[in-house]
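These notes concern the structure reproduced below.
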Amino acid sequence: MACACQNKRQTYEVVQNAGAATRSAFTSSSMGTATAVADRYPTSVVRDKKTGEAVYFSWPKGSYEVALQDGTGEVVYTHTVRGPGDRAPLKAAADERAGQGAVVRAAGGGAVVYPLPAALTASGSTLKAAATPAPATR
């Protein structure tokens, strides 16, 4: 017999190809574990299994830049990501200039990875973001 708490547990799925894959690559009840697994698959999305809404867009190691005007304007900040902690300065720089349409993208005009709604739109994903992420702190 299954545990009664099983239906109340929040579950996250890792879906490859910006959420376009037909099957999830991984399922976990831990958001941290799901995001760690998602970072192994470039452009994968973590979504809430019950609602189907995206909660995280992966952006693995590499060089990223903050660009204005939804990624088509000037580059105002560049930083290399070697681990999850290296994302905070990029997020903070994008949040500071959110009114100018700042986004974080892979260096050299690559894929948009932050904020989540912009990353989903740029990747052509049909998923919707659960909520606008909270501003990052430095």
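To be explicit about the labels: the chains of the structure tokens are called A, B, and onward in the order shown, and within each one the residues are counted from 1, while ligands get numbers from 1 in the order they are shown.
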
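DSSP secondary structure from the backbone places A:Met31, A:Gly32, A:Thr33, A:Ala34, A:Thr35, A:Ala36, A:Val37, A:Ala38 of range 27-79 of chain A in alpha helix (DSSP H).
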
Print the selection's residues with N, CA, C and O atoms to a file, as a PDB file, in the first residue's frame.
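Written file, again.pdb:
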```
ATOM      1  N   MET A  31      14.118  20.187  -5.080  1.00  0.00           N
ATOM      2  CA  MET A  31      14.400  21.186  -6.107  1.00  0.00           C
ATOM      3  C   MET A  31      15.904  21.282  -6.358  1.00  0.00           C
ATOM      4  O   MET A  31      16.342  21.394  -7.499  1.00  0.00           O
ATOM      5  N   GLY A  32      16.721  21.213  -5.305  1.00  0.00           N
ATOM      6  CA  GLY A  32      18.168  21.293  -5.456  1.00  0.00           C
ATOM      7  C   GLY A  32      18.736  20.155  -6.287  1.00  0.00           C
ATOM      8  O   GLY A  32      19.591  20.369  -7.143  1.00  0.00           O
ATOM      9  N   THR A  33      18.258  18.953  -6.044  1.00  0.00           N
ATOM     10  CA  THR A  33      18.719  17.802  -6.818  1.00  0.00           C
ATOM     11  C   THR A  33      18.287  17.929  -8.274  1.00  0.00           C
ATOM     12  O   THR A  33      19.065  17.653  -9.189  1.00  0.00           O
ATOM     13  N   ALA A  34      17.066  18.361  -8.491  1.00  0.00           N
ATOM     14  CA  ALA A  34      16.562  18.511  -9.856  1.00  0.00           C
ATOM     15  C   ALA A  34      17.364  19.555 -10.631  1.00  0.00           C
ATOM     16  O   ALA A  34      17.695  19.341 -11.799  1.00  0.00           O
ATOM     17  N   THR A  35      17.708  20.680  -9.996  1.00  0.00           N
ATOM     18  CA  THR A  35      18.495  21.694 -10.698  1.00  0.00           C
ATOM     19  C   THR A  35      19.917  21.213 -10.968  1.00  0.00           C
ATOM     20  O   THR A  35      20.488  21.527 -12.004  1.00  0.00           O
ATOM     21  N   ALA A  36      20.490  20.443 -10.046  1.00  0.00           N
ATOM     22  CA  ALA A  36      21.832  19.896 -10.262  1.00  0.00           C
ATOM     23  C   ALA A  36      21.852  18.936 -11.446  1.00  0.00           C
ATOM     24  O   ALA A  36      22.783  18.952 -12.261  1.00  0.00           O
ATOM     25  N   VAL A  37      20.828  18.119 -11.563  1.00  0.00           N
ATOM     26  CA  VAL A  37      20.729  17.198 -12.695  1.00  0.00           C
ATOM     27  C   VAL A  37      20.478  17.975 -13.984  1.00  0.00           C
ATOM     28  O   VAL A  37      21.055  17.673 -15.031  1.00  0.00           O
ATOM     29  N   ALA A  38      19.638  18.999 -13.921  1.00  0.00           N
ATOM     30  CA  ALA A  38      19.331  19.794 -15.112  1.00  0.00           C
ATOM     31  C   ALA A  38      20.582  20.460 -15.679  1.00  0.00           C
ATOM     32  O   ALA A  38      20.711  20.600 -16.896  1.00  0.00           O
TER      33      ALA A  38
END
```

Contacts of range 17-69 of chain A with range 85-107 of chain A up to 7 Å, shortest pair per row, only C-alpha atoms, as a tab-separated table:
```
residue	atom	partner	partner_atom	distance
A:Ser63	CA	A:Ala107	CA	5.4
A:Tyr64	CA	A:Ala106	CA	4.4
A:Glu65	CA	A:Ala107	CA	5.5
A:Val66	CA	A:Val104	CA	4.5
A:Ala67	CA	A:Ala102	CA	5.4
A:Leu68	CA	A:Ala102	CA	4.2
A:Gln69	CA	A:Gly101	CA	4.5
```

How about saving the chosen residues, N, CA, C and O atoms kept, as a PDB file, in the first residue's frame?
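again_15.pdb, written as the output of this step:
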```pdb
ATOM      1  N   SER A  63      30.976  30.972 -20.354  1.00  0.00           N
ATOM      2  CA  SER A  63      31.020  32.427 -20.274  1.00  0.00           C
ATOM      3  C   SER A  63      29.658  32.998 -20.631  1.00  0.00           C
ATOM      4  O   SER A  63      29.052  32.602 -21.627  1.00  0.00           O
ATOM      5  N   TYR A  64      29.209  33.947 -19.809  1.00  0.00           N
ATOM      6  CA  TYR A  64      27.908  34.571 -20.012  1.00  0.00           C
ATOM      7  C   TYR A  64      28.061  36.078 -19.941  1.00  0.00           C
ATOM      8  O   TYR A  64      29.021  36.591 -19.390  1.00  0.00           O
ATOM      9  N   GLU A  65      27.085  36.780 -20.518  1.00  0.00           N
ATOM     10  CA  GLU A  65      27.109  38.231 -20.530  1.00  0.00           C
ATOM     11  C   GLU A  65      25.710  38.774 -20.286  1.00  0.00           C
ATOM     12  O   GLU A  65      24.724  38.099 -20.586  1.00  0.00           O
ATOM     13  N   VAL A  66      25.653  39.970 -19.728  1.00  0.00           N
ATOM     14  CA  VAL A  66      24.386  40.660 -19.527  1.00  0.00           C
ATOM     15  C   VAL A  66      24.248  41.645 -20.683  1.00  0.00           C
ATOM     16  O   VAL A  66      25.099  42.513 -20.879  1.00  0.00           O
ATOM     17  N   ALA A  67      23.192  41.481 -21.464  1.00  0.00           N
ATOM     18  CA  ALA A  67      22.954  42.339 -22.619  1.00  0.00           C
ATOM     19  C   ALA A  67      21.614  43.049 -22.461  1.00  0.00           C
ATOM     20  O   ALA A  67      20.664  42.490 -21.913  1.00  0.00           O
ATOM     21  N   LEU A  68      21.548  44.275 -22.933  1.00  0.00           N
ATOM     22  CA  LEU A  68      20.334  45.079 -22.822  1.00  0.00           C
ATOM     23  C   LEU A  68      19.385  44.818 -23.988  1.00  0.00           C
ATOM     24  O   LEU A  68      19.755  44.178 -24.971  1.00  0.00           O
ATOM     25  N   GLN A  69      18.184  45.337 -23.876  1.00  0.00           N
ATOM     26  CA  GLN A  69      17.150  45.271 -24.910  1.00  0.00           C
ATOM     27  C   GLN A  69      16.854  43.836 -25.324  1.00  0.00           C
ATOM     28  O   GLN A  69      16.895  43.477 -26.495  1.00  0.00           O
TER      29      GLN A  69
END
```

Pick out each residue of chain A that DSSP on the backbone tags as strand (DSSP E); I need them as a PyMOL selection string.
chain A and resi 12-15+26-28+45-48+54-57+62-67+75-81+103-106+112-114

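For Lys128 in chain A, the list of residues within 9 Å, based on only C-alpha atoms and with local chain neighbours fewer than 5 positions off taken out, reads Gly52, Glu53, Ala54, Val55, Leu116, Pro117, Leu120 and Thr121 of chain A.
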
For Val15 in chain A: contacts at 8 Å, only C-alpha atoms, fewer than 4 positions along chain excluded, given as a PyMOL selection string:
chain A and resi 19-21+23-26+38+44-47

Next, write the just-selected residues to a file, as an mmCIF file, in the first residue's frame, keeping N, CA and C atoms as the atom set.
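This went into result08.cif:
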```cif
data_model
loop_
_atom_site.group_PDB
_atom_site.id
_atom_site.type_symbol
_atom_site.label_atom_id
_atom_site.label_comp_id
_atom_site.auth_asym_id
_atom_site.auth_seq_id
_atom_site.Cartn_x
_atom_site.Cartn_y
_atom_site.Cartn_z
ATOM 1 N N GLY A 19 12.250 21.779 -22.499
ATOM 2 C CA GLY A 19 10.930 21.277 -22.154
ATOM 3 C C GLY A 19 10.173 20.657 -23.308
ATOM 4 N N ALA A 20 10.832 20.490 -24.456
ATOM 5 C CA ALA A 20 10.158 19.944 -25.628
ATOM 6 C C ALA A 20 10.232 18.414 -25.705
ATOM 7 N N ALA A 21 11.065 17.796 -24.876
ATOM 8 C CA ALA A 21 11.190 16.338 -24.903
ATOM 9 C C ALA A 21 9.874 15.709 -24.445
ATOM 10 N N ARG A 23 9.535 12.833 -22.751
ATOM 11 C CA ARG A 23 9.654 12.193 -21.436
ATOM 12 C C ARG A 23 10.620 12.981 -20.570
ATOM 13 N N SER A 24 10.392 12.906 -19.276
ATOM 14 C CA SER A 24 11.317 13.573 -18.367
ATOM 15 C C SER A 24 12.576 12.725 -18.224
ATOM 16 N N ALA A 25 13.708 13.397 -18.048
ATOM 17 C CA ALA A 25 14.982 12.702 -17.882
ATOM 18 C C ALA A 25 15.201 12.279 -16.440
ATOM 19 N N PHE A 26 14.544 12.985 -15.505
ATOM 20 C CA PHE A 26 14.767 12.731 -14.087
ATOM 21 C C PHE A 26 13.603 13.317 -13.306
ATOM 22 N N ALA A 38 19.638 18.999 -13.921
ATOM 23 C CA ALA A 38 19.331 19.794 -15.112
ATOM 24 C C ALA A 38 20.582 20.460 -15.679
ATOM 25 N N SER A 44 18.010 22.316 -20.591
ATOM 26 C CA SER A 44 16.932 21.543 -19.980
ATOM 27 C C SER A 44 16.171 22.440 -19.008
ATOM 28 N N VAL A 45 14.962 22.012 -18.679
ATOM 29 C CA VAL A 45 14.073 22.784 -17.829
ATOM 30 C C VAL A 45 13.636 21.915 -16.658
ATOM 31 N N VAL A 46 13.555 22.519 -15.481
ATOM 32 C CA VAL A 46 12.953 21.846 -14.332
ATOM 33 C C VAL A 46 11.538 22.384 -14.234
ATOM 34 N N ARG A 47 10.570 21.481 -14.179
ATOM 35 C CA ARG A 47 9.187 21.925 -14.062
ATOM 36 C C ARG A 47 8.506 21.224 -12.901
#
```
